[in-house]
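Data from run_26.cif: mmCIF, C-alpha atoms
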```
data_run
#
loop_
_atom_site.label_atom_id
_atom_site.label_comp_id
_atom_site.auth_asym_id
_atom_site.auth_seq_id
_atom_site.Cartn_x
_atom_site.Cartn_y
_atom_site.Cartn_z
CA MET A 85 0.00 0.00 0.00
CA PRO A 86 1.43 3.38 -0.89
CA ASP A 87 2.11 5.90 1.78
CA ALA A 88 0.79 9.41 1.34
CA PRO A 89 2.41 12.80 0.85
CA GLU A 90 3.85 14.21 4.05
CA HIS A 91 1.49 16.26 6.16
CA SER A 92 -1.60 15.36 4.15
CA GLN A 93 -4.89 14.29 5.68
CA ARG A 94 -4.43 10.96 3.87
CA ALA A 95 -1.08 10.48 5.66
CA TYR A 96 -2.72 11.11 9.03
CA GLU A 97 -5.55 8.70 8.21
CA LEU A 98 -2.98 6.09 7.23
CA ALA A 99 -1.12 6.66 10.51
CA LEU A 100 -4.31 6.10 12.50
CA SER A 101 -5.11 2.93 10.54
CA GLN A 102 -1.65 1.70 11.60
CA GLN A 103 -2.54 2.41 15.25
CA ALA A 104 -0.41 5.54 15.72
CA ASP A 105 -0.86 7.13 19.14
CA VAL A 106 0.86 10.42 18.25
CA ILE A 107 0.74 12.59 15.16
CA GLU A 108 3.53 15.14 14.78
CA LEU A 109 2.85 18.42 13.02
CA ASP A 110 5.52 20.78 11.71
CA LEU A 111 4.18 24.31 11.42
CA VAL A 112 5.12 27.32 9.31
CA VAL A 113 3.46 30.73 9.08
CA SER A 114 1.67 32.24 6.09
CA LYS A 115 1.82 35.88 5.01
CA ASP A 116 -1.46 36.52 6.83
CA HIS A 117 -0.12 34.91 10.03
CA LYS A 118 -2.00 31.59 9.75
CA LEU A 119 -0.33 28.33 10.71
CA LEU A 120 0.24 25.85 7.90
CA ILE A 121 1.34 22.25 8.32
CA ARG A 122 4.63 21.81 6.42
CA HIS A 123 8.10 20.45 7.17
CA GLU A 124 9.75 23.44 5.53
CA ASN A 125 8.65 26.91 4.61
CA GLU A 126 10.07 26.44 1.08
CA LEU A 127 7.32 24.98 -1.11
CA SER A 128 8.82 23.85 -4.43
CA LEU A 129 9.68 20.26 -3.45
CA SER A 130 6.40 19.52 -1.71
CA THR A 131 3.82 21.34 -3.86
CA ASN A 132 2.95 22.27 -7.43
CA VAL A 133 3.83 25.95 -6.87
CA GLU A 134 6.50 25.92 -9.60
CA ASP A 135 3.83 25.02 -12.18
CA ARG A 136 1.58 27.91 -11.22
CA ALA A 137 2.26 30.81 -13.60
CA GLU A 138 0.46 33.29 -11.36
CA PHE A 139 3.08 32.68 -8.66
CA ALA A 140 6.20 32.80 -10.87
CA ASN A 141 7.09 36.31 -9.68
CA ARG A 142 7.22 35.14 -6.06
CA LYS A 143 10.27 32.95 -6.57
CA THR A 144 13.07 34.39 -4.46
CA SER A 145 16.16 33.49 -2.46
CA LYS A 146 16.36 33.58 1.32
CA VAL A 147 18.92 32.59 3.91
CA ILE A 148 17.59 29.66 5.94
CA ASP A 149 19.77 28.27 8.75
CA GLY A 150 22.79 29.98 7.18
CA LEU A 151 22.20 28.60 3.68
CA THR A 152 20.84 30.47 0.67
CA VAL A 153 17.72 28.72 -0.59
CA SER A 154 15.88 29.65 -3.80
CA GLY A 155 12.22 28.91 -4.23
CA TRP A 156 8.76 29.88 -3.05
CA PHE A 157 8.18 30.41 0.66
CA ALA A 158 5.01 29.98 2.70
CA GLU A 159 5.45 33.34 4.40
CA ASP A 160 5.07 35.07 1.01
CA PHE A 161 1.58 33.62 0.39
CA THR A 162 -1.76 34.07 2.10
CA LEU A 163 -3.50 31.01 3.47
CA ASP A 164 -6.06 31.17 0.65
CA GLU A 165 -3.26 31.14 -1.93
CA LEU A 166 -1.56 28.25 -0.16
CA ARG A 167 -4.81 26.28 -0.11
CA SER A 168 -4.88 26.51 -3.91
CA LEU A 169 -1.65 24.48 -4.11
CA GLN A 170 -1.52 20.69 -4.28
CA LEU A 171 0.89 18.38 -2.47
CA ARG A 172 3.66 16.37 -4.11
CA GLU A 173 5.93 13.57 -2.99
CA THR A 174 9.12 15.14 -1.63
CA LYS A 175 11.34 12.09 -2.12
CA PRO A 176 10.26 10.53 -5.43
CA SER A 177 13.42 8.42 -5.83
CA GLU A 178 12.88 6.86 -2.38
CA ARG A 179 9.08 6.57 -2.63
CA PRO A 180 8.30 6.36 -6.36
CA HIS A 181 4.86 4.81 -5.77
CA ASN A 182 3.76 8.02 -4.03
CA ARG A 183 4.18 10.07 -7.22
CA GLN A 184 0.80 8.78 -8.37
CA GLN A 185 -0.72 10.95 -5.63
CA ASN A 186 0.98 14.16 -6.81
CA ASP A 187 -1.37 17.10 -7.29
CA GLN A 188 -4.34 15.32 -5.69
CA LEU A 189 -4.27 16.57 -2.11
CA PRO A 190 -4.43 20.09 -0.66
CA LEU A 191 -2.14 21.66 1.90
CA LEU A 192 -3.59 21.76 5.39
CA SER A 193 -3.73 24.61 7.82
CA LEU A 194 -3.56 23.93 11.52
CA GLN A 195 -7.26 24.78 11.70
CA ASP A 196 -8.02 22.18 8.99
CA PHE A 197 -6.19 19.60 11.06
CA LEU A 198 -7.93 20.61 14.29
CA ASN A 199 -11.33 20.26 12.59
CA TRP A 200 -10.36 16.80 11.30
CA ASN A 201 -8.91 15.90 14.70
CA GLN A 202 -12.20 16.76 16.40
CA GLN A 203 -14.07 14.48 14.00
CA GLN A 204 -11.63 11.65 14.77
CA TRP A 205 -12.04 12.07 18.51
CA GLN A 206 -15.83 12.17 18.17
CA SER A 207 -15.70 8.87 16.30
CA GLY A 208 -13.61 7.31 19.10
CA LYS A 209 -10.14 7.56 17.55
CA LYS A 210 -7.95 8.98 20.30
CA PHE A 211 -4.36 10.09 19.75
CA ASP A 212 -1.96 12.76 20.90
CA VAL A 213 -0.71 15.62 18.75
CA TYR A 214 2.82 16.97 18.95
CA MET A 215 3.43 20.36 17.31
CA GLU A 216 6.78 21.93 16.50
#
```
For this file, write the structure as structure tokens.
Amino acid sequence: MPDAPEHSQRAYELALSQQADVIELDLVVSKDHKLLIRHENELSLSTNVEDRAEFANRKTSKVIDGLTVSGWFAEDFTLDELRSLQLRETKPSERPHNRQQNDQLPLLSLQDFLNWNQQQWQSGKKFDVYME
């Protein structure tokens, strides 16, 4: 069974089906100060942002942890703009079967996750959440 793109609702559902007791969320901030669930604030490896012509002018370079990184960054987009992006497999050579899920799942905000989390708890699925 394929995994799912990192930090997607499908990945969290898969984790629960495998009896996970903790789900870890990495959080970054959008331009309008909303929390988004992502490993990194740079979006080009994990989303279809590079294919979106309307966002081409937002490509930039920033220093992250002492390294210059070029790409598109969550803090330069509003949450609504970020929600228009679709997730992609970040390690296609290691998880080639996950590429079939590219561009099928939306990014999640923390609020999206909390709404989903509440539904899970109401249906009896209990787990802890660790945020960083």
Reference answer for the PyMOL selection byres ((chain A and resi 194-201) around 9), as a PyMOL selection string: chain A and resi 93+109+111+118-121+192-193+202-206+209-211
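Against the coordinates shown, the PyMOL selection byres ((chain A and resi 167) around 9) returns A:Thr162, A:Leu163, A:Asp164, A:Glu165, A:Leu166, A:Ser168, A:Leu169, A:Gln170, A:Pro190, A:Leu191, A:Leu192, A:Ser193.
Distances here use only C-alpha atoms; by that measure, the residue among A:Phe157, A:Lys146, A:Val106, A:Ala88 closest to Val133 of chain A is A:Phe157.
Nearest to Phe139 of chain A of all the residues A:Asp87, A:Asp160, A:Glu124, A:Asp116 is A:Asp160, based on all atoms listed in the file.
Relative to atom CA of Gln188 of chain A, atom CA of Glu138 of chain A is found at 19.4 Å.
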Near-Ser154 of chain A list (8 Å; all atoms listed in the file; drop same-chain fewer than 5 positions) as a VMD selection string: chain A and resid 143 to 146
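Taking atom CA of His181 of chain A and atom CA of Asp212 of chain A as endpoints, the distance between them is 28.7 Å.
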Counting only C-alpha atoms, the residue of A:Gly208, A:His123, A:Gln103, A:Pro89 that sits nearest Asp187 of chain A: A:Pro89
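At a cut-off of 9 Å from (3.6, 8.7, -5.3), the residue set is Pro86, Asp87, Ala88, Pro89, Arg172, Glu173, Pro176, Arg179, Pro180, His181, Asn182, Arg183, Gln184, Gln185 and Asn186 of chain A (counting all atoms listed in the file).
One finds atom CA of Asp110 of chain A at 19.5 Å from atom CA of Val147 of chain A.
With only C-alpha atoms as the atoms that count, the minimum distance from Glu159 of chain A to the choices A:Leu129, A:Val113, A:Ala140, A:Leu171 is reached by A:Val113.
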Selection dump of the PyMOL selection byres ((chain A and resi 108) around 6), as a PyMOL selection string: chain A and resi 107+109+213-215
Taking C-alpha atoms for each residue, export the selection above as a PDB file, in the frame of the given file.
```pdb
ATOM      1  CA  ILE A 107       0.740  12.590  15.160  1.00  0.00           C
ATOM      2  CA  LEU A 109       2.850  18.420  13.020  1.00  0.00           C
ATOM      3  CA  VAL A 213      -0.710  15.620  18.750  1.00  0.00           C
ATOM      4  CA  TYR A 214       2.820  16.970  18.950  1.00  0.00           C
ATOM      5  CA  MET A 215       3.430  20.360  17.310  1.00  0.00           C
TER       6      MET A 215
END
```
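Minimum distance to His91 of chain A across A:Arg122, A:Lys175, A:Val112, A:Thr152 (counting all atoms listed in the file) occurs at A:Arg122.
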